[in-house]
Every structure is written in C-alpha cells, then in structure tokens.
Amino acid sequence: MSIVRMKKLRVIALRQQRDELMRELMRLGCVQVVPDTELSADPDAAVLRPERADLPRLKTDQSRLDAALKVLDQYAPVKKKLLSARPEVTESEFLDGDALARDLALAGEITDWEASLRKLSAEEARVRSDIEALKPWSSLDLALNAVGTRRCAVGFVSAIAQIDVMNVRAAAESASEAVELELVSEDGMQRCFLVLALKEELPAVLDAVRAIGCTQVAFPGLKGTARENIARLNGELEDLAARKKALTDKIAAQRDAAAALRLSSDRMKAEVEKAEAVERLLGTDSVVTLEGWCPAPEESALTALLDRFDCAYELTDPPAEEYPDVPVKLKNRGFVKPMSLVTEMYSLPAYDGIDPNPLMWPFFVLFYGIMMADMGYGLLMILASVVAVRKMKPKGGTGHLLRLLGMCGVSTFLFGAMTGGFFGDLLPQIAAMIDPDTAFTALPSLFTPLGDVMMIMIGSLALGVVQIFTGMIVSVVYKCRNGDGLSALFEEGAWWCILIGIVLMVLHLGPWLLIIGGALLVIGQFWEKKSVGGGLIGLFGAIYNGVTGYFSDILSYLRLMALMLAGNVIAMVFNQLGAMTGNIIVFIIVAMVGNALNFALNLLGCFVHDLRLQVLEFFGRFYKDGGKSYEPLDIDPQYVDLIKEEI
C-alpha cells in the first residue's frame with residue numbers, strides 16, 4: 001500500500017510499425033505516453049517532427065456516433081433495467097475494425113435522417129405560421145391576388161385591436177371621397193380591412209391609414225381565396241406529417257442497433273485516445289520516438305511486448321529532479337482501495353510523498369459511523385451498497401463510492417447499536433402508541449447522544465488527538481527517512497513533549513516534559529535561523545502557529561459529537577411529531593418522510609465533514625500533494641466491460 005515506483009521509457013521504432021506498436025501498447029494498458037520535451041528542445045534533433053494521426057477526422061467520427069445515439073435515445077428509447085451491469089465484450093470483438101466501419105455508416109444514416117426531420121419540422125412550422133396569417137382573411141371571398149378593375153384597386157390592411165374602426169374609416173375618407181372600407185375580421189389582437197378605392201387614389205388612402213398605425217398586408221405568390229390557400233396548406237401539413245412519420249419509423253427500426261453503436265462509440269473513443277498519444281511522438285521519414293512512463297511491476301510485460309518489434313528501448317529510474325513530472329499511481333487493495341476516491345478529490349500525493357489511504361481509511365470509516373450513528377441508516381447504506389455492487393458491477397469512481405458507502409454503513413450500524421438508535425427512537429414510539437403502558441422505552445445502548453454529551457465530547461477530542469498524533473508520527477518517519485531527523489526532533493518532538501506535558505501538568509504529575517518540549521522548540525528555532533533575531537521571530541511564530549494550529553485542529557473534532565447529536569435529535573423530533581397525531585398510519589408516514597430527509601442530509605453532511613477532517617487536520621501534518629495522475633494509454637470503455645485477452 002504505497003506509491004508505485006515508475007520507470008521512464010524511451011523507444012525508437014520503425015515508422016511502418018508505429019500503428020501496430022501503439023495498438024499493442026493500448027491493449028497492454030500500462031504506458032503513459034508524454035511529449036518528449038527534451039528532444040523537442042534539442043537543436044541537434046531538429047530533423048524530428050511531431051507525428052500526425054488524422055485526429056480531427058477521428059473526433060468527427062466519434063461525434064457522429066454520439067449524435068446517432070442521442071437520436072436513438074430520443075426517437076427509439078430502450079428501457080434499461082434498474083442497476084443493470086454493463087455488457088461484456090472480448091478484446092478481439094472490441095477491436096473489430098469492420099464492425100466500426102459498418103456502425104459509422106449507420107450512424108451517418110441516422111444523423112442524416114434526423115437532419116431531414118429537423119428540416120421538415122422547420123417547414124411544418126413555416127406552413128403553420130402561414131395558415132395562422134391567413135385565418136383572419138378566411139371569410140373573404142375575394143382572391144388574395146386580386147388587383148381590382150380597370151378603375152378600381154384593392155388593398156388589404158390590418159390594425160391592432162386598440163385602433164377604432166371609425167378612426168380607420170375617417171383616415172381613409174380623408175384621403176379620398178371614393179373609398180370603401182370593409183371590416184373582414186376582428187379579434188382581441190387585431191382587425192383586418194379590405195380597402196377599395198380608385199387606382200390613382202389608393203396609394204394616398206394607404207398612406208393615410210398607415211399614419212394612424214395600420215399596416216398594409218401583402219400575399220406574395222398566393223392565388224385564390226384565403227380558404228383555398230388554407231386548404232392547400234393543410235394538405236402540405238398532412239404530407240409533411242407523413243414524411244416525418246416515415247423518417248421516425250426508419251429511426252425507430254434501428255432501436256436494436258443502439259447496443260452496437262454504443263460499443264462502436266467506445267471503439268472510436270479508444271481510437272481518439274490512441275491518436276492523441278501518437279501526436280505526442282516525434283519522428284522522421286523512417287523512425288518514430290516515444291517517451292513515457294511505466295509502473296515498475298509492469299516492466300517485464302512491457303519488455304516482452306517491445307521485444308516483438310524492431311525497436312530500441314530503455315527503461316530507467318527517474319532522477320530526483322524529475323519527480324514533479326512523474327505520474328502517480330497508488331497501490332491500494334481490498335478495503336483501502338475505495339479511499340482513492342477521497343484522495344483524488346483533494347490532490348494526489350507527490351511521487352516522493354506518502355500514500356495517505358492506508359492511514360486515512362480507519363479514521364474515515366470510524367468518524368463517519370460516529371457522526372451517523374443509527375442502525376436503520378446503516379442498514380440502508382449496507383443494503384444499497386451490496387445490491388448496487390452486485391447488480392451493476394461498477395468500476396472506477398462509482399465502484400469506489402459504493403464500496404465506501406457499504407463500509408461506512410457497517411460503521412454507522414455498529415455505532416447505532418452502541419447508542420440504541422434505529423431511525424431515532426422509532427421502535428419505542430411505535431410501542432408506546434400500541435401500548436401506552438409499555439416498559440419498552442428505549443433500545444439497549446452503551447451510551448446515548450443526549451444523555452452522555454460530556455463523554456461523547458471528550459471521546460471526540462481524544463480521537464482528534466490520536467489522529468493528529470498519527471499524522472505527526474508519519475511526518476517524523478518521513479523526515480527521518482529523508483535524513484531530516486533534527487527537524488523532526490525540533491518540530492514534532494517538541495510539540496509532543498509540550499502537548500503531553502500540558503496533560504501531565506493538569507494531572508499534577510510535574511512540569512518536566514513541558515519544559516523539555518519548550519527547550520526543544522527554542523533550540524530548534526535558533527538552530528534553523530542561525531541568528532538571535534531570526535530565532536526570536538521564528539520562536540514567536542512557532543508558538544503562535546503551534547498553539548492556534550494544534551488546539552484549533554483538535555477542537556475541530558467536536559464536529560463528531562455535533563453531527564451525532566444533530567442527526568439523533570432531528571430523527572427524534574420527526575418521530576415525536578408523528579406520534580402526536582395518535583394515528584399509527586400517519587405516524588409511520590411522518591416518521592419515514594422525516595427520517596428520509598434526515599438520512600439524505602446526514603449522508604452528504606457526514607461525508608463533507610469527514611472529508612474536511614482528513615484533508616485539513618490530518619493531511620496537514622505530513623501530506624505532500626501535487627502529484628500528477630497516472631493516465632496510461634488504455635482501452636477504457638464507457639458502455640461495456642472489456643474481457644482482457646493475452647497479448
């Protein structure tokens with residue numbers, strides 16, 4: 001349980017073997033390919049140029065597959081089983097290039113159909129808009145393209161409903177005595193008018209009504225009456241609907257192809273990642289160079305693979321000056337492995353740092369159980385974890401989260417048994433409602449959150465001291481391992497003496513350990529600063545930072561007590577509210593709703609506060625962060641689980 005030792009890899013291979021080599025490295029899944037910055041900056045290596053792998057086209061193909069899947073989800077959704085596991089495929093099936101080509105062609109057809117559907121929908125919206133524009137004129141028996149007679153001209157005008165008909169008529173008659181204005185239709189939004197006037201006077205009439213807010217209406221390209229045009233447009237709508245249905249039926253017929261498209265989406269994702277790795281290579285017309293990182297335990301498998309190619313390679317240990325660039329892989333197994341989720345949420349340890357997961361695991365699980373402390377909540381967490389893990393078989397972050405939930409559920413159940421909590425005081429309340437004279441008033445318990453507050457507070461502070469001292473021990477070991485034993489003596493050693501000395505003083509066992517700690521602190525500051533002034537300033541800073549740091553950190557552990565009390569009290573309050581009704585059915589409903597809310601709040605709240613105690617109070621004693629994530633070239637599918645085959 002530590003940080004895996006890494007090897008730096010350099011390879012020079014023949015260009016014609018480049019693609020096969022990268023494919024096999026991806027199958028092996030243990031090499032992180034990085035840009036060769038050293039060769040790129042070397043003027044003697046100017047002949048080398050970055051490799052190209054048609055990455056834009058591959059990304060376009062991946063987008064096409066993803067778009068086709070979205071179309072199928074919209075028009076041909078497939079019901080998925082709750083908590084179902086991902087399908088498994090063999091590695092040879094996954095790397096089937098012919099299947100990928102077929103699925104890309106199908107994805108292109110599906111996206112083309114969807115594009116046609118969008119065009120038809122846009123055309124349908126336009127037709128509906130035209131119909132709505134013609135409806136106000138549907139009672140008019142005059143053709144919309146009518147121009148009038150030899151002497152008379154026709155105009156169409158609309159106005160908002162607030163403009164009075166008499167005002168429109170007056171405006172028209174002010175421009176011509178020989179004018180006829182007919183109200184065609186009106187509603188709450190607008191009024192529509194037919195205007196008849198002499199040809200030479202119609203422009204003046206239209207200008208007059210426009211002046212009071214009317215608008216001239218034109219029907220370009222339309223022939224016949226409004227009713228005739230509406231009937232024609234309704235026919236177009238029916239035709240558009242039939243064409244849309246034909247396309248949606250085509251898409252729906254591909255419902256069974258969704259699984260194959262998801263598999264090919266994963267295939268294309270792997271191809272994109274391989275192409276991105278290729279573009280980190282440098283090469284000439286005949287050779288390519290590769291630089292990367294490989295975990296030392298995988299060295300033998302990697303060398304066996306490289307020996308099959310016509311290439312030269314070397315694997316070396318990175319020098320100390322390269323440690324900031326070395327990717328970090330944590331070697332955790334069993335119960336400790338899910339803690340990687342917590343560490344990665346904060347920051348990976350530096351390559352020359354310490355893996356905190358084995359040290360943090362018992363504290364994290366213990367603290368979560370203390371804060372939650374309810375048998376009912378613990379059983380729910382265990383059940384959810386077991387069912388989800390068995391049904392879904394999750395991997396990665398989801399798997400870590402579910403397994404961590406189960407472990408915290410066990411801790412929560414155990415502390416719930418110690419405090420006698422089962423959804424608060426649910427069982428005693430039910431017993432009291434059934435039989436008011438019952439002697440069953442509480443579950444057996446070692447202590448209760450409300451009855452033993454002082455003991456819980458002292459226990460929380462004691463656990464804080466244990467974890468902080470554990471962090472200090474780790475720091476001392478790390479410093480001694482790196483030849484910095486004096487720093488450990490003057491820092492952690494001094495504060496151990498001071499903190500333990502304070503306890504001994506309170507117990508009237510003498511001040512000697514406190515005096516020794518103070519002396520070590522003084523000597524350490526003057527030894528580090530090498531001057532009287534610097535030593536005094538450093539001593540003041542060390543005392544201030546130590547007092548505020550250690551004591552505030554220890555007090556932070558009171559949140560263990562606070563969350564235990566809060567969760568217990570909230571559950572009891574909801575149970576009592578339900579019991580006040582005197583109806584067992586109403587009680588169960590109120591109690592379950594209240595406990596569900598309390599459970600949800602505590603599920604998140606306990607995780608956040610537990611995480612804070614680890615990354616601030618614990619990690620602050622020894623943790624060196626800033627590690628870069630180890631991201632090897634690997635097949636990492638989203639929709640399927642891969643069955644590895646021997647290379």
# chains A, B, ... in the order shown; residues from 1 in each chain; ligands from 1
$ residues_around --residues "A:Trp496" --least-positions-apart "2" --cutoff "10 Å" --atoms "only C-alpha atoms" --output "list in words"
Phe469, Met472, Ile473, Leu489, Glu491, Glu492, Gly493, Ala494, Ile498, Leu499, Ile500, Gly501, Ile502, Leu513, Leu514 and Gly517 of chain A
$ write_last_selection --atoms "N, CA, C and O atoms" --output "PDB file, in the first residue's frame"
ATOM      1  N   PHE A 469      -1.777  12.962  16.271  1.00  0.00           N
ATOM      2  CA  PHE A 469      -0.511  12.346  16.665  1.00  0.00           C
ATOM      3  C   PHE A 469      -0.067  11.301  15.631  1.00  0.00           C
ATOM      4  O   PHE A 469       1.126  11.146  15.370  1.00  0.00           O
ATOM      5  N   MET A 472       1.544  13.181  12.949  1.00  0.00           N
ATOM      6  CA  MET A 472       2.874  13.630  13.373  1.00  0.00           C
ATOM      7  C   MET A 472       3.878  12.478  13.317  1.00  0.00           C
ATOM      8  O   MET A 472       5.037  12.669  12.926  1.00  0.00           O
ATOM      9  N   ILE A 473       3.446  11.273  13.697  1.00  0.00           N
ATOM     10  CA  ILE A 473       4.344  10.107  13.626  1.00  0.00           C
ATOM     11  C   ILE A 473       4.741   9.839  12.179  1.00  0.00           C
ATOM     12  O   ILE A 473       5.911   9.576  11.877  1.00  0.00           O
ATOM     13  N   LEU A 489      12.870  16.209  15.356  1.00  0.00           N
ATOM     14  CA  LEU A 489      13.054  16.360  16.804  1.00  0.00           C
ATOM     15  C   LEU A 489      12.592  17.722  17.280  1.00  0.00           C
ATOM     16  O   LEU A 489      11.892  17.840  18.299  1.00  0.00           O
ATOM     17  N   GLU A 491      10.582  19.878  15.820  1.00  0.00           N
ATOM     18  CA  GLU A 491       9.204  20.261  15.487  1.00  0.00           C
ATOM     19  C   GLU A 491       8.216  19.296  16.156  1.00  0.00           C
ATOM     20  O   GLU A 491       7.624  19.617  17.188  1.00  0.00           O
ATOM     21  N   GLU A 492       8.028  18.116  15.566  1.00  0.00           N
ATOM     22  CA  GLU A 492       7.070  17.170  16.145  1.00  0.00           C
ATOM     23  C   GLU A 492       7.485  16.736  17.548  1.00  0.00           C
ATOM     24  O   GLU A 492       6.635  16.654  18.462  1.00  0.00           O
ATOM     25  N   GLY A 493       8.784  16.472  17.741  1.00  0.00           N
ATOM     26  CA  GLY A 493       9.244  16.042  19.063  1.00  0.00           C
ATOM     27  C   GLY A 493       8.958  17.081  20.133  1.00  0.00           C
ATOM     28  O   GLY A 493       8.498  16.752  21.235  1.00  0.00           O
ATOM     29  N   ALA A 494       9.227  18.351  19.794  1.00  0.00           N
ATOM     30  CA  ALA A 494       8.981  19.421  20.763  1.00  0.00           C
ATOM     31  C   ALA A 494       7.498  19.526  21.106  1.00  0.00           C
ATOM     32  O   ALA A 494       7.127  19.646  22.280  1.00  0.00           O
ATOM     33  N   ILE A 498       5.349  19.120  24.565  1.00  0.00           N
ATOM     34  CA  ILE A 498       4.523  20.215  25.079  1.00  0.00           C
ATOM     35  C   ILE A 498       3.097  19.743  25.330  1.00  0.00           C
ATOM     36  O   ILE A 498       2.516  19.988  26.401  1.00  0.00           O
ATOM     37  N   LEU A 499       2.491  19.063  24.341  1.00  0.00           N
ATOM     38  CA  LEU A 499       1.098  18.644  24.482  1.00  0.00           C
ATOM     39  C   LEU A 499       0.926  17.609  25.592  1.00  0.00           C
ATOM     40  O   LEU A 499      -0.001  17.703  26.415  1.00  0.00           O
ATOM     41  N   ILE A 500       1.824  16.617  25.623  1.00  0.00           N
ATOM     42  CA  ILE A 500       1.735  15.617  26.692  1.00  0.00           C
ATOM     43  C   ILE A 500       2.070  16.254  28.031  1.00  0.00           C
ATOM     44  O   ILE A 500       1.472  15.930  29.076  1.00  0.00           O
ATOM     45  N   GLY A 501       3.020  17.201  28.032  1.00  0.00           N
ATOM     46  CA  GLY A 501       3.379  17.899  29.272  1.00  0.00           C
ATOM     47  C   GLY A 501       2.225  18.685  29.850  1.00  0.00           C
ATOM     48  O   GLY A 501       2.065  18.761  31.073  1.00  0.00           O
ATOM     49  N   ILE A 502       1.408  19.285  28.999  1.00  0.00           N
ATOM     50  CA  ILE A 502       0.236  20.018  29.484  1.00  0.00           C
ATOM     51  C   ILE A 502      -0.721  19.073  30.200  1.00  0.00           C
ATOM     52  O   ILE A 502      -1.265  19.388  31.272  1.00  0.00           O
ATOM     53  N   LEU A 513       8.287  17.454  31.411  1.00  0.00           N
ATOM     54  CA  LEU A 513       8.128  17.176  29.976  1.00  0.00           C
ATOM     55  C   LEU A 513       7.763  18.456  29.221  1.00  0.00           C
ATOM     56  O   LEU A 513       8.215  18.674  28.093  1.00  0.00           O
ATOM     57  N   LEU A 514       6.966  19.318  29.848  1.00  0.00           N
ATOM     58  CA  LEU A 514       6.611  20.594  29.224  1.00  0.00           C
ATOM     59  C   LEU A 514       7.849  21.466  29.054  1.00  0.00           C
ATOM     60  O   LEU A 514       8.038  22.119  28.019  1.00  0.00           O
ATOM     61  N   GLY A 517       9.953  20.118  26.184  1.00  0.00           N
ATOM     62  CA  GLY A 517       9.369  20.482  24.892  1.00  0.00           C
ATOM     63  C   GLY A 517       9.635  21.929  24.545  1.00  0.00           C
ATOM     64  O   GLY A 517       9.981  22.254  23.398  1.00  0.00           O
TER      65      GLY A 517
END
$ residues_around --residues "stretch 355-372 of chain A" --least-positions-apart "3" --cutoff "7 Å" --atoms "only C-alpha atoms" --output "list in words"
Met1, Ser2, Ile3, Leu330, Val336, Met339, Ser340, Pro349, Met407, Cys408, Ser411, Thr412, Phe415, Leu560, Met561, Leu563, Met564, Gly567, Asn602, Cys606, Phe607 and Asp610 of chain A
$ atom_distance --atom1 "atom CA of A:Pro637" --atom2 "atom CA of A:Gly334"
23.5 Å
$ residues_around --residues "A:Asp130" --least-positions-apart "4" --cutoff "10 Å" --atoms "only C-alpha atoms" --output "list in words"
Glu124, Ala125, Arg126, Leu134, Lys135, Asn229, Ile230 and Leu233 of chain A
$ closest_residue --among "A:Val205, A:Phe193, A:Thr90, A:Leu405" --to "A:Leu604" --atoms "only C-alpha atoms"
A:Leu405
$ residues_around --residues "A:Gly420" --least-positions-apart "6" --cutoff "12 Å" --atoms "only C-alpha atoms" --output "count of residues only"
22
$ closest_residue --among "A:Tyr630, A:Phe156, A:Phe599, A:Phe94" --to "A:Gly29" --atoms "only C-alpha atoms"
A:Tyr630
$ closest_residue --among "A:Lys337, A:Lys329, A:Arg5, A:Arg18" --to "A:Glu299" --atoms "only C-alpha atoms"
A:Arg5
$ atom_distance --atom1 "atom CA of A:Leu48" --atom2 "atom CA of A:Gly283"
5.0 Å
$ residues_around --residues "A:Gly213" --least-positions-apart "2" --cutoff "8 Å" --atoms "only C-alpha atoms" --output "list in words"
Ala159, Ile160, Ile163, Val209, Arg210, Ala211 and Thr215 of chain A
$ write_last_selection --atoms "N, CA, C and O atoms" --output "tab-separated table (two decimals), in the first residue's frame"
chain	number	residue	atom	x	y	z
A	159	ALA	N	-54.80	46.25	-38.46
A	159	ALA	CA	-54.51	47.21	-37.38
A	159	ALA	C	-54.67	46.50	-36.05
A	159	ALA	O	-55.41	45.52	-35.94
A	160	ILE	N	-53.96	46.99	-35.04
A	160	ILE	CA	-54.12	46.40	-33.71
A	160	ILE	C	-55.52	46.69	-33.20
A	160	ILE	O	-56.18	47.64	-33.64
A	163	ILE	N	-57.02	50.20	-32.17
A	163	ILE	CA	-57.36	51.26	-33.14
A	163	ILE	C	-58.82	51.09	-33.56
A	163	ILE	O	-59.21	50.03	-34.08
A	209	VAL	N	-54.03	55.64	-43.76
A	209	VAL	CA	-54.32	54.69	-42.68
A	209	VAL	C	-53.03	54.23	-42.00
A	209	VAL	O	-53.03	53.89	-40.81
A	210	ARG	N	-51.93	54.22	-42.76
A	210	ARG	CA	-50.65	53.89	-42.12
A	210	ARG	C	-50.26	54.94	-41.09
A	210	ARG	O	-49.63	54.64	-40.07
A	211	ALA	N	-50.67	56.16	-41.35
A	211	ALA	CA	-50.31	57.25	-40.45
A	211	ALA	C	-50.94	57.10	-39.07
A	211	ALA	O	-50.43	57.64	-38.08
A	215	THR	N	-51.27	48.70	-40.99
A	215	THR	CA	-50.20	48.07	-41.76
A	215	THR	C	-50.79	47.45	-43.01
A	215	THR	O	-51.80	46.73	-42.94
$ residues_around --residues "A:Glu51" --least-positions-apart "5" --cutoff "8 Å" --atoms "only C-alpha atoms" --output "ChimeraX atom specification"
/A:278-283
$ atom_distance --atom1 "atom CA of A:Ser347" --atom2 "atom CA of A:Arg10"
28.1 Å
